[in-house]
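Shown next: upload24.txt, given as compact mmCIF, C-alpha atoms and all ligand atoms.
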# COMPACT_ATOMS: atom_id res chain seq x y z
CA MET A 1 111.54 118.30 91.09
CA ILE A 2 111.88 114.53 90.53
CA LYS A 3 108.61 112.87 89.63
CA LEU A 4 107.60 110.21 92.12
CA GLU A 5 106.00 106.92 91.11
CA ILE A 6 102.75 106.87 93.07
CA ALA A 7 100.19 104.12 93.70
CA ILE A 8 96.72 104.66 95.05
CA GLY A 9 95.52 101.79 97.25
CA ILE A 10 91.82 101.19 97.85
CA PRO A 11 90.61 98.72 100.49
CA ALA A 12 87.14 97.68 99.37
CA TYR A 13 84.39 95.52 100.75
CA ASN A 14 81.14 95.37 98.77
CA GLU A 15 81.64 98.71 97.05
CA GLU A 16 80.22 97.94 93.58
CA LYS A 17 78.14 101.12 93.82
CA ASN A 18 81.10 103.48 94.02
CA ILE A 19 84.22 101.69 92.83
CA ALA A 20 83.83 102.35 89.09
CA SER A 21 83.48 106.11 89.33
CA ILE A 22 86.36 106.33 91.82
CA ILE A 23 88.73 104.30 89.63
CA LEU A 24 87.77 106.27 86.53
CA LYS A 25 88.56 109.55 88.30
CA LEU A 26 91.77 108.21 89.86
CA LYS A 27 93.03 106.98 86.47
CA LYS A 28 93.34 110.59 85.41
CA ILE A 29 95.91 111.28 88.11
CA ALA A 30 97.66 107.96 88.78
CA ASN A 31 98.63 105.02 86.62
CA LYS A 32 98.92 102.48 89.44
CA ILE A 33 95.68 101.78 91.25
CA ILE A 34 95.64 98.86 93.66
CA VAL A 35 92.27 97.58 94.85
CA CYS A 36 92.00 94.99 97.61
CA ASP A 37 88.71 93.20 97.12
CA ASP A 38 88.31 91.70 100.55
CA GLY A 39 85.93 88.80 99.92
CA SER A 40 83.16 91.02 98.58
CA ASN A 41 80.03 89.20 97.53
CA ASP A 42 79.22 91.75 94.85
CA LEU A 43 80.95 92.86 91.65
CA THR A 44 83.62 95.08 93.30
CA GLY A 45 86.59 92.95 92.16
CA LYS A 46 85.29 92.33 88.65
CA ILE A 47 84.59 96.01 88.01
CA ALA A 48 88.01 97.03 89.33
CA GLU A 49 89.74 94.46 87.13
CA GLU A 50 87.84 95.52 84.03
CA LEU A 51 88.82 99.12 84.64
CA GLY A 52 92.50 98.14 84.71
CA ALA A 53 93.25 98.27 88.42
CA ILE A 54 95.70 95.86 90.04
CA VAL A 55 93.28 93.73 92.05
CA ILE A 56 94.24 91.66 95.08
CA LYS A 57 91.47 89.24 95.98
CA HIS A 58 90.90 87.73 99.40
CA ASP A 59 88.85 84.53 99.32
CA ARG A 60 86.84 85.69 102.30
CA ASN A 61 86.30 88.91 104.20
CA LEU A 62 89.32 89.36 106.48
CA GLY A 63 88.89 93.00 107.52
CA TYR A 64 90.08 96.51 106.70
CA GLY A 65 93.53 95.93 108.22
CA ALA A 66 94.05 92.80 106.15
CA GLY A 67 93.20 94.92 103.09
CA ILE A 68 95.74 97.59 104.04
CA GLY A 69 98.33 94.85 104.73
CA SER A 70 97.86 93.35 101.24
CA ILE A 71 97.99 96.81 99.64
CA PHE A 72 101.29 97.59 101.45
CA LEU A 73 102.79 94.31 100.19
CA LYS A 74 101.68 94.94 96.60
CA ALA A 75 102.94 98.56 96.66
CA LYS A 76 106.32 97.29 97.89
CA GLU A 77 106.36 94.57 95.22
CA ILE A 78 105.73 97.00 92.36
CA ASN A 79 108.32 99.31 93.88
CA VAL A 80 106.50 102.62 94.07
CA ASP A 81 107.93 105.72 95.74
CA ALA A 82 104.74 106.49 97.62
CA LEU A 83 101.35 104.99 98.38
CA VAL A 84 98.13 106.88 98.98
CA THR A 85 95.32 104.97 100.69
CA PHE A 86 91.86 106.07 99.67
CA ASP A 87 88.40 104.82 100.71
CA ALA A 88 86.13 103.13 98.20
CA ASP A 89 82.89 104.52 99.59
CA GLY A 90 83.11 107.89 97.86
CA GLN A 91 83.75 109.85 101.07
CA HIS A 92 87.21 111.08 100.08
CA GLN A 93 87.75 113.76 97.47
CA ILE A 94 90.16 113.17 94.60
CA LYS A 95 91.22 116.80 94.68
CA ASP A 96 92.67 116.34 98.18
CA ILE A 97 95.19 113.70 97.00
CA GLU A 98 97.72 116.29 95.81
CA MET A 99 97.67 117.94 99.23
CA VAL A 100 98.14 114.66 101.08
CA LEU A 101 101.11 113.84 98.85
CA GLU A 102 102.83 117.19 99.03
CA PRO A 103 104.78 116.74 102.31
CA ILE A 104 106.11 113.40 100.98
CA LYS A 105 107.17 114.95 97.69
CA ASP A 106 108.88 117.79 99.57
CA ASN A 107 110.59 115.29 101.86
CA ASN A 108 108.92 116.84 104.88
CA ALA A 109 107.14 113.69 106.05
CA ASP A 110 107.20 109.89 105.92
CA ILE A 111 103.49 109.56 106.66
CA VAL A 112 100.82 112.14 105.86
CA ILE A 113 97.36 111.86 107.38
CA GLY A 114 94.41 113.54 105.73
CA SER A 115 92.74 114.86 108.88
CA ARG A 116 89.03 115.57 109.15
CA PHE A 117 89.60 117.75 112.20
CA LEU A 118 92.35 120.20 111.32
CA ASN A 119 89.87 122.68 109.90
CA GLU A 120 86.93 122.87 112.27
CA GLY A 121 84.82 124.23 109.40
CA ASP A 122 85.31 120.95 107.48
CA THR A 123 83.86 118.76 110.23
CA LYS A 124 80.23 119.76 109.80
CA GLU A 125 79.58 116.60 107.79
CA VAL A 126 80.99 114.19 110.38
CA PRO A 127 78.21 112.80 112.60
CA GLU A 128 78.57 113.90 116.22
CA TYR A 129 78.91 110.39 117.70
CA ARG A 130 81.72 109.57 115.27
CA LYS A 131 83.53 112.80 116.14
CA ILE A 132 83.44 111.90 119.83
CA GLY A 133 84.64 108.34 119.15
CA ILE A 134 87.42 109.35 116.75
CA LYS A 135 88.65 112.09 119.07
CA ALA A 136 88.71 109.74 122.09
CA ILE A 137 90.64 107.08 120.17
CA THR A 138 93.04 109.74 118.84
CA LYS A 139 93.69 110.96 122.41
CA LEU A 140 94.44 107.39 123.47
CA THR A 141 96.78 106.92 120.49
CA ASN A 142 98.49 110.27 121.14
CA ALA A 143 99.51 109.02 124.58
CA SER A 144 102.14 106.92 122.87
CA LEU A 145 103.14 109.22 119.99
CA ASN A 146 105.62 112.09 119.91
CA GLU A 147 103.59 114.09 117.39
CA LYS A 148 100.13 115.02 118.64
CA LEU A 149 97.53 114.18 116.00
CA THR A 150 93.93 115.22 115.43
CA ASP A 151 92.75 112.22 113.39
CA SER A 152 94.45 108.90 114.02
CA GLN A 153 91.61 107.01 112.31
CA SER A 154 91.61 108.57 108.86
CA GLY A 155 91.99 106.08 106.05
CA PHE A 156 93.14 108.83 103.68
CA ARG A 157 96.92 108.79 104.05
CA ALA A 158 100.16 108.86 102.12
CA TYR A 159 103.20 106.73 102.93
CA ASN A 160 106.68 106.97 101.48
CA GLN A 161 108.79 104.01 100.39
CA LYS A 162 110.72 103.85 103.68
CA VAL A 163 107.48 103.24 105.55
CA LEU A 164 106.36 100.57 103.07
CA ASN A 165 109.69 98.79 103.47
CA GLU A 166 109.89 98.97 107.23
CA ILE A 167 106.34 98.58 108.50
CA THR A 168 104.31 95.41 108.11
CA PRO A 169 100.77 95.93 109.38
CA SER A 170 99.40 92.94 111.27
CA ASP A 171 96.04 94.05 112.66
CA GLN A 172 93.26 92.61 110.52
CA GLY A 173 90.64 95.15 111.53
CA MET A 174 90.24 98.91 111.83
CA GLY A 175 92.95 98.93 114.54
CA VAL A 176 95.51 98.92 111.73
CA SER A 177 95.35 102.75 111.50
CA THR A 178 96.65 103.06 115.06
CA GLU A 179 99.08 100.17 114.68
CA ILE A 180 100.86 101.83 111.75
CA LEU A 181 101.19 105.12 113.67
CA ILE A 182 102.57 103.48 116.82
CA LYS A 183 105.08 101.44 114.81
CA ALA A 184 106.04 104.52 112.78
CA ASN A 185 106.58 106.51 115.94
CA SER A 186 108.92 103.91 117.38
CA LYS A 187 110.90 103.94 114.13
CA LYS A 188 111.10 107.74 114.35
CA PHE A 189 109.21 108.32 111.10
CA LYS A 190 107.85 111.80 110.67
CA ILE A 191 104.04 112.00 110.73
CA VAL A 192 102.33 115.12 109.40
CA GLU A 193 98.64 115.99 109.06
CA VAL A 194 96.96 118.02 106.33
CA PRO A 195 93.30 119.08 106.35
CA ILE A 196 90.88 117.14 104.15
CA LYS A 197 87.13 117.14 103.86
CA VAL A 198 85.02 113.99 103.91
CA LEU A 199 81.50 113.65 102.62
CA TYR A 200 78.90 111.85 104.69
CA ASP A 201 75.88 111.49 102.47
CA GLY A 202 74.01 108.24 102.56
CA ASP A 203 75.11 105.07 104.27
CA THR A 204 78.87 104.92 103.98
CA SER A 205 79.73 102.82 107.02
CA THR A 206 80.50 99.16 106.54
CA HIS A 207 80.49 98.28 110.25
CA ASN A 208 78.21 99.24 113.09
CA PRO A 209 79.77 102.02 115.15
CA VAL A 210 79.70 100.15 118.47
CA SER A 211 81.59 97.08 117.26
CA HIS A 212 83.84 99.31 115.11
CA GLY A 213 84.65 101.59 118.08
CA SER A 214 85.25 98.83 120.60
CA SER A 215 87.48 96.80 118.29
CA VAL A 216 89.58 99.91 117.56
CA ILE A 217 89.87 100.73 121.28
CA LEU A 218 90.91 97.15 122.12
CA SER A 219 93.57 96.99 119.44
CA THR A 220 94.82 100.50 120.30
CA MET A 221 95.29 99.32 123.90
CA LYS A 222 97.03 96.19 122.65
CA PHE A 223 99.56 98.13 120.56
CA ILE A 224 100.16 100.74 123.27
CA SER A 225 100.72 98.00 125.84
CA ILE A 226 103.22 96.24 123.58
CA GLU A 227 105.03 99.51 122.86
CA HIS A 228 105.08 100.77 126.45
CA PRO A 229 104.68 97.72 128.74
CA LEU A 230 106.35 99.32 131.75
CA LYS A 231 104.02 102.31 131.66
CA PHE A 232 100.90 100.34 130.72
CA TYR A 233 101.20 97.39 133.14
CA GLY A 234 104.06 98.41 135.44
CA ILE A 235 102.65 101.66 136.88
CA PRO A 236 99.17 100.26 137.68
CA GLY A 237 100.88 97.06 138.93
CA LEU A 238 103.04 99.05 141.33
CA GLY A 239 99.95 100.94 142.51
CA PHE A 240 98.07 97.71 143.25
CA LEU A 241 101.11 96.17 144.93
CA ILE A 242 101.62 99.14 147.25
CA SER A 243 97.96 99.33 148.21
CA GLY A 244 97.81 95.53 148.67
CA LEU A 245 100.79 95.63 151.02
CA PHE A 246 99.17 98.52 152.88
CA PHE A 247 96.02 96.41 153.52
CA ILE A 248 98.11 93.39 154.57
CA LEU A 249 100.09 95.53 157.05
CA TRP A 250 96.83 96.95 158.33
CA THR A 251 95.48 93.40 158.86
CA LEU A 252 98.66 92.46 160.77
CA GLN A 253 98.43 95.59 162.89
CA ILE A 254 94.82 94.84 163.87
CA PHE A 255 95.79 91.22 164.57
CA GLY A 256 98.65 92.39 166.78
CA GLU A 257 96.36 94.63 168.77
CA SER A 258 93.23 92.51 169.10
CA ARG A 259 94.09 88.97 167.90
CA GLN A 260 91.32 89.38 165.32
CA ILE A 261 91.49 89.11 161.54
CA ILE A 262 89.13 91.42 159.65
CA THR A 263 88.22 89.24 156.65
CA ASN A 264 87.36 92.09 154.26
CA ILE A 265 90.57 94.00 154.81
CA SER A 266 92.76 90.92 154.57
CA LEU A 267 91.04 89.70 151.40
CA ILE A 268 91.42 93.10 149.74
CA GLY A 269 95.10 93.02 150.75
CA ILE A 270 95.72 89.54 149.32
CA GLY A 271 93.68 90.21 146.16
CA THR A 272 95.36 93.51 145.26
CA THR A 273 98.83 92.16 146.08
CA ILE A 274 98.26 89.21 143.72
CA LEU A 275 96.88 91.51 140.99
CA GLY A 276 99.80 93.94 141.42
CA THR A 277 102.31 91.09 141.22
CA ILE A 278 100.70 89.68 138.07
CA LEU A 279 100.76 93.11 136.39
CA MET A 280 104.39 93.72 137.39
CA VAL A 281 105.46 90.31 136.08
CA THR A 282 103.54 90.98 132.82
CA ALA A 283 105.24 94.39 132.49
CA ILE A 284 108.72 92.99 132.98
CA SER A 285 108.20 89.92 130.75
CA LEU A 286 106.64 91.94 127.94
CA PHE A 287 109.36 94.57 128.20
CA SER A 288 112.11 91.92 127.94
CA LEU A 289 110.34 90.16 125.08
CA VAL A 290 109.78 93.36 123.11
CA THR A 291 113.39 94.44 123.68
CA VAL A 292 114.71 91.10 122.39
CA VAL A 293 112.41 91.21 119.33
CA LYS A 294 113.41 94.82 118.55
CA GLU A 295 117.13 94.00 118.86
CA ARG A 296 116.72 90.98 116.62
CA ASN A 297 114.83 93.05 114.02
CA SER A 298 117.41 95.82 114.05
CA ASN A 299 120.26 93.30 113.58
CA GLN A 300 118.59 91.79 110.52
N1 LIG B 1 89.49 95.31 102.81
C1 LIG B 1 88.44 95.71 103.52
N2 LIG B 1 88.01 96.94 103.38
C2 LIG B 1 86.98 97.33 104.14
C3 LIG B 1 86.33 96.49 105.07
N3 LIG B 1 85.36 97.20 105.67
C4 LIG B 1 85.41 98.44 105.14
N4 LIG B 1 86.37 98.50 104.19
C5 LIG B 1 86.72 99.62 103.34
O1 LIG B 1 87.31 100.61 104.13
C6 LIG B 1 86.88 101.88 103.71
C7 LIG B 1 86.26 102.62 104.87
O2 LIG B 1 85.18 101.88 105.39
P1 LIG B 1 84.01 102.54 106.22
O3 LIG B 1 83.13 101.47 106.72
O4 LIG B 1 83.41 103.63 105.43
O5 LIG B 1 84.80 103.13 107.47
P2 LIG B 1 84.96 104.62 107.88
O6 LIG B 1 85.11 105.49 106.69
O7 LIG B 1 86.01 104.64 108.93
O8 LIG B 1 83.56 104.86 108.59
P3 LIG B 1 82.49 106.00 108.29
O9 LIG B 1 83.06 107.22 108.91
O10 LIG B 1 81.27 105.50 109.00
O11 LIG B 1 82.30 106.07 106.83
C8 LIG B 1 85.94 101.66 102.53
O12 LIG B 1 86.70 101.78 101.37
C9 LIG B 1 85.47 100.23 102.73
O13 LIG B 1 85.14 99.58 101.53
C10 LIG B 1 86.78 95.16 105.16
O14 LIG B 1 86.26 94.33 105.91
N5 LIG B 1 87.84 94.82 104.37
MG MG B 2 83.49 105.56 105.24
If you convert what's in this file into structure tokens, what do you get?
Ligand SMILES: Nc1nc2c(ncn2[C@@H]2O[C@H](COP(=O)(O)OP(=O)(O)OP(=O)(O)O)[C@@H](O)[C@H]2O)c(=O)[nH]1
Ligand SMILES: [Mg+2]
Amino acid sequence: MIKLEIAIGIPAYNEEKNIASIILKLKKIANKIIVCDDGSNDLTGKIAEELGAIVIKHDRNLGYGAGIGSIFLKAKEINVDALVTFDADGQHQIKDIEMVLEPIKDNNADIVIGSRFLNEGDTKEVPEYRKIGIKAITKLTNASLNEKLTDSQSGFRAYNQKVLNEITPSDQGMGVSTEILIKANSKKFKIVEVPIKVLYDGDTSTHNPVSHGSSVILSTMKFISIEHPLKFYGIPGLGFLISGLFFILWTLQIFGESRQIITNISLIGIGTTILGTILMVTAISLFSLVTVVKERNSNQ
């Protein structure tokens, strides 16, 4: 088998507690370790540099997605065959890296997700509220993917060179995990999951779960709506338009019979017709815009 040149990419924000031991362990299995120190106000970047990692520094904290974006760019620049993304908080296990890389090495996948939910036995450590949140977001993401996944939010992934060359993440926050999958799906990349186990001891979360969850849901909706505008805006728009017209006809019928206008019914009719029209126009404009952008990109 040909040996692939692998980089391990670590997005890190204030991780001075864990970063040294992670890099030291990773050095035994990879010679290219990329750390994105995303405006940490601790020693994360300094420690990573001293241990020989390639460190990308952001002047201020831009977010997890910005970290992943910078790591993608660096991995492309140093021309690796595959990139593994790995958390800096000590939750991921080094011994799982081989498994996450295997489908890429065997040419069976373009993206491999280390899933916390493939083996039910491995999920004991995941707090219940996070399980519910991650599963709900994964269901939402699955609505626009061909492959049905169990963990769309895992940060433990492997990407091959094709993905690094063709996908440029733009979401600055945690929504990047979904963004990459939706873009990969539209480029027909093969996404595979393998089971991994995460450790949840101590305080490993950087963001509070409510703001984390809602920002991921919002950006998931954004990417789904861009990818499938007709389904996302067009179908509800048509529904509103039809019911609006129904209420308007009803108003006209009552007027014809009794020369009276029922204010509530006519207002509902006008309101829903306007809403339906706005949604339909949004669907069609977004669809045309996305089609033009996709054609332009594919001609480049
Ligand atoms: N670049 C960058 N990395 C971040 C930021 N916030 C978190 N990270 C890193 O992303 C990884 C995962 O962060 P967590 O907050 O643990 O997110 P999570 O693992 O989805 O959440 P938990 O399940 O609660 O642990 C860690 O390596 C963090 O250092 C950020 O603002 N910028
Ligand atoms: Mg974590």
> Which is closest to Ala158 (chain A) among A:Val84, A:Met99, A:Ile47, A:Val293, if we use all atoms listed in the file?
Replying inline: A:Val84
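Look at Ile23 (chain A): the protein and nucleic acid residues within 9 Å of it, using only C-alpha atoms and passing over chain neighbours fewer than 5 places away, are Asn18, Lys28, Ile33, Ala48, Leu51, Gly52 and Ala53 of chain A.
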Return the padded bounding box of region 6-16 of chain A as lines of an AutoDock Vina configuration file: axis-aligned, built from all atoms listed in the file, 8 Å added on each side, with centre and edge lengths in Å to one decimal.
center_x = 91.5
center_y = 101.1
center_z = 96.9
size_x = 38.5
size_y = 27.5
size_z = 23.7
Find the residues near ligand LIG 1 (chain B). Use a cut-off of 9 Å, count only C-alpha atoms and all ligand atoms, and write them as a PDB file with C-alpha atoms, in the coordinates of the input.
ATOM      1  CA  ILE A  10      91.820 101.190  97.850  1.00  0.00           C
ATOM      2  CA  PRO A  11      90.610  98.720 100.490  1.00  0.00           C
ATOM      3  CA  ALA A  12      87.140  97.680  99.370  1.00  0.00           C
ATOM      4  CA  TYR A  13      84.390  95.520 100.750  1.00  0.00           C
ATOM      5  CA  ASN A  14      81.140  95.370  98.770  1.00  0.00           C
ATOM      6  CA  GLU A  15      81.640  98.710  97.050  1.00  0.00           C
ATOM      7  CA  ILE A  19      84.220 101.690  92.830  1.00  0.00           C
ATOM      8  CA  VAL A  35      92.270  97.580  94.850  1.00  0.00           C
ATOM      9  CA  CYS A  36      92.000  94.990  97.610  1.00  0.00           C
ATOM     10  CA  ASP A  37      88.710  93.200  97.120  1.00  0.00           C
ATOM     11  CA  ASP A  38      88.310  91.700 100.550  1.00  0.00           C
ATOM     12  CA  GLY A  39      85.930  88.800  99.920  1.00  0.00           C
ATOM     13  CA  SER A  40      83.160  91.020  98.580  1.00  0.00           C
ATOM     14  CA  HIS A  58      90.900  87.730  99.400  1.00  0.00           C
ATOM     15  CA  ASN A  61      86.300  88.910 104.200  1.00  0.00           C
ATOM     16  CA  LEU A  62      89.320  89.360 106.480  1.00  0.00           C
ATOM     17  CA  GLY A  63      88.890  93.000 107.520  1.00  0.00           C
ATOM     18  CA  TYR A  64      90.080  96.510 106.700  1.00  0.00           C
ATOM     19  CA  GLY A  65      93.530  95.930 108.220  1.00  0.00           C
ATOM     20  CA  ALA A  66      94.050  92.800 106.150  1.00  0.00           C
ATOM     21  CA  GLY A  67      93.200  94.920 103.090  1.00  0.00           C
ATOM     22  CA  ILE A  68      95.740  97.590 104.040  1.00  0.00           C
ATOM     23  CA  SER A  70      97.860  93.350 101.240  1.00  0.00           C
ATOM     24  CA  PHE A  86      91.860 106.070  99.670  1.00  0.00           C
ATOM     25  CA  ASP A  87      88.400 104.820 100.710  1.00  0.00           C
ATOM     26  CA  ALA A  88      86.130 103.130  98.200  1.00  0.00           C
ATOM     27  CA  ASP A  89      82.890 104.520  99.590  1.00  0.00           C
ATOM     28  CA  GLY A  90      83.110 107.890  97.860  1.00  0.00           C
ATOM     29  CA  GLN A  91      83.750 109.850 101.070  1.00  0.00           C
ATOM     30  CA  HIS A  92      87.210 111.080 100.080  1.00  0.00           C
ATOM     31  CA  VAL A 126      80.990 114.190 110.380  1.00  0.00           C
ATOM     32  CA  PRO A 127      78.210 112.800 112.600  1.00  0.00           C
ATOM     33  CA  ARG A 130      81.720 109.570 115.270  1.00  0.00           C
ATOM     34  CA  GLN A 153      91.610 107.010 112.310  1.00  0.00           C
ATOM     35  CA  SER A 154      91.610 108.570 108.860  1.00  0.00           C
ATOM     36  CA  GLY A 155      91.990 106.080 106.050  1.00  0.00           C
ATOM     37  CA  GLN A 172      93.260  92.610 110.520  1.00  0.00           C
ATOM     38  CA  GLY A 173      90.640  95.150 111.530  1.00  0.00           C
ATOM     39  CA  MET A 174      90.240  98.910 111.830  1.00  0.00           C
ATOM     40  CA  VAL A 198      85.020 113.990 103.910  1.00  0.00           C
ATOM     41  CA  LEU A 199      81.500 113.650 102.620  1.00  0.00           C
ATOM     42  CA  TYR A 200      78.900 111.850 104.690  1.00  0.00           C
ATOM     43  CA  ASP A 203      75.110 105.070 104.270  1.00  0.00           C
ATOM     44  CA  THR A 204      78.870 104.920 103.980  1.00  0.00           C
ATOM     45  CA  SER A 205      79.730 102.820 107.020  1.00  0.00           C
ATOM     46  CA  THR A 206      80.500  99.160 106.540  1.00  0.00           C
ATOM     47  CA  HIS A 207      80.490  98.280 110.250  1.00  0.00           C
ATOM     48  CA  ASN A 208      78.210  99.240 113.090  1.00  0.00           C
ATOM     49  CA  PRO A 209      79.770 102.020 115.150  1.00  0.00           C
ATOM     50  CA  HIS A 212      83.840  99.310 115.110  1.00  0.00           C
TER      51      HIS A 212
END
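Among the candidate residues A:Ile242, A:Phe156, A:Gly175, A:Ala82, the one lying nearest to ligand MG 2 (chain B) is A:Phe156, with distances computed using all atoms listed in the file.
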>> as a PyMOL selection string, please: the residues near Val100 (chain A) (cut-off 12 Å, all atoms listed in the file, same-chain neighbours under 6 positions excluded).
In response: chain A and resi 8+82-86+92-94+106+108-115+154-160+191-197
Using C-alpha atoms, can you write the selected residues to a file as a PDB file, in the coordinates of the input?
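Generated file (result.pdb):
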ATOM      1  CA  ILE A   8      96.720 104.660  95.050  1.00  0.00           C
ATOM      2  CA  ALA A  82     104.740 106.490  97.620  1.00  0.00           C
ATOM      3  CA  LEU A  83     101.350 104.990  98.380  1.00  0.00           C
ATOM      4  CA  VAL A  84      98.130 106.880  98.980  1.00  0.00           C
ATOM      5  CA  THR A  85      95.320 104.970 100.690  1.00  0.00           C
ATOM      6  CA  PHE A  86      91.860 106.070  99.670  1.00  0.00           C
ATOM      7  CA  HIS A  92      87.210 111.080 100.080  1.00  0.00           C
ATOM      8  CA  GLN A  93      87.750 113.760  97.470  1.00  0.00           C
ATOM      9  CA  ILE A  94      90.160 113.170  94.600  1.00  0.00           C
ATOM     10  CA  ASP A 106     108.880 117.790  99.570  1.00  0.00           C
ATOM     11  CA  ASN A 108     108.920 116.840 104.880  1.00  0.00           C
ATOM     12  CA  ALA A 109     107.140 113.690 106.050  1.00  0.00           C
ATOM     13  CA  ASP A 110     107.200 109.890 105.920  1.00  0.00           C
ATOM     14  CA  ILE A 111     103.490 109.560 106.660  1.00  0.00           C
ATOM     15  CA  VAL A 112     100.820 112.140 105.860  1.00  0.00           C
ATOM     16  CA  ILE A 113      97.360 111.860 107.380  1.00  0.00           C
ATOM     17  CA  GLY A 114      94.410 113.540 105.730  1.00  0.00           C
ATOM     18  CA  SER A 115      92.740 114.860 108.880  1.00  0.00           C
ATOM     19  CA  SER A 154      91.610 108.570 108.860  1.00  0.00           C
ATOM     20  CA  GLY A 155      91.990 106.080 106.050  1.00  0.00           C
ATOM     21  CA  PHE A 156      93.140 108.830 103.680  1.00  0.00           C
ATOM     22  CA  ARG A 157      96.920 108.790 104.050  1.00  0.00           C
ATOM     23  CA  ALA A 158     100.160 108.860 102.120  1.00  0.00           C
ATOM     24  CA  TYR A 159     103.200 106.730 102.930  1.00  0.00           C
ATOM     25  CA  ASN A 160     106.680 106.970 101.480  1.00  0.00           C
ATOM     26  CA  ILE A 191     104.040 112.000 110.730  1.00  0.00           C
ATOM     27  CA  VAL A 192     102.330 115.120 109.400  1.00  0.00           C
ATOM     28  CA  GLU A 193      98.640 115.990 109.060  1.00  0.00           C
ATOM     29  CA  VAL A 194      96.960 118.020 106.330  1.00  0.00           C
ATOM     30  CA  PRO A 195      93.300 119.080 106.350  1.00  0.00           C
ATOM     31  CA  ILE A 196      90.880 117.140 104.150  1.00  0.00           C
ATOM     32  CA  LYS A 197      87.130 117.140 103.860  1.00  0.00           C
TER      33      LYS A 197
END
> Near Phe223 (chain A), counting all atoms listed in the file, which residues have an atom at most 9 Å away, once you skip same-chain residues fewer than 3 positions from it, shown as a PyMOL selection string?
Replying inline: chain A and resi 175+178-179+182-183+218-220+226-228
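CA of Glu16 (chain A) sits 6.4 Å away from CA of Asp42 (chain A).
Going from CA of Leu118 (chain A) over to CA of Asp96 (chain A), you cover 13.7 Å.
The environment of Ala136 (chain A) within 10 Å, counting only C-alpha atoms and disregarding residues fewer than 6 places along the same chain, consists of A:Arg130, A:Asn142, A:Asp151, A:Ser152, A:Gly213, A:Ile217.
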Produce a file of the selected residues containing C-alpha atoms, as an mmCIF file, in the coordinates of the input.
data_model
loop_
_atom_site.group_PDB
_atom_site.id
_atom_site.type_symbol
_atom_site.label_atom_id
_atom_site.label_comp_id
_atom_site.auth_asym_id
_atom_site.auth_seq_id
_atom_site.Cartn_x
_atom_site.Cartn_y
_atom_site.Cartn_z
ATOM 1 C CA ARG A 130 81.720 109.570 115.270
ATOM 2 C CA ASN A 142 98.490 110.270 121.140
ATOM 3 C CA ASP A 151 92.750 112.220 113.390
ATOM 4 C CA SER A 152 94.450 108.900 114.020
ATOM 5 C CA GLY A 213 84.650 101.590 118.080
ATOM 6 C CA ILE A 217 89.870 100.730 121.280
#
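Closest to Lys135 (chain A) among A:Thr150, A:Leu164, A:Thr123, A:Ser211 is A:Thr150, based on all atoms listed in the file.
Between CA of Ile71 (chain A) and CA of Thr168 (chain A) there is a distance of 10.7 Å.
You can rank A:Glu120, A:Leu241, A:Asp201, A:Ile254 by their closest distance to ligand MG 2 (chain B) using all atoms listed in the file, and at the top of that list sits A:Asp201.
Compared by their closest atoms to ligand MG 2 (chain B), and using all atoms listed in the file, the residues A:Glu125, A:Asn119, A:Glu257, A:Ser215 rank with A:Glu125 nearest.
With distances taken over all atoms listed in the file, A:Ser225 is the one residue among A:Thr263, A:Asn297, A:Ser225, A:Gln253 lying closest to Leu279 (chain A).
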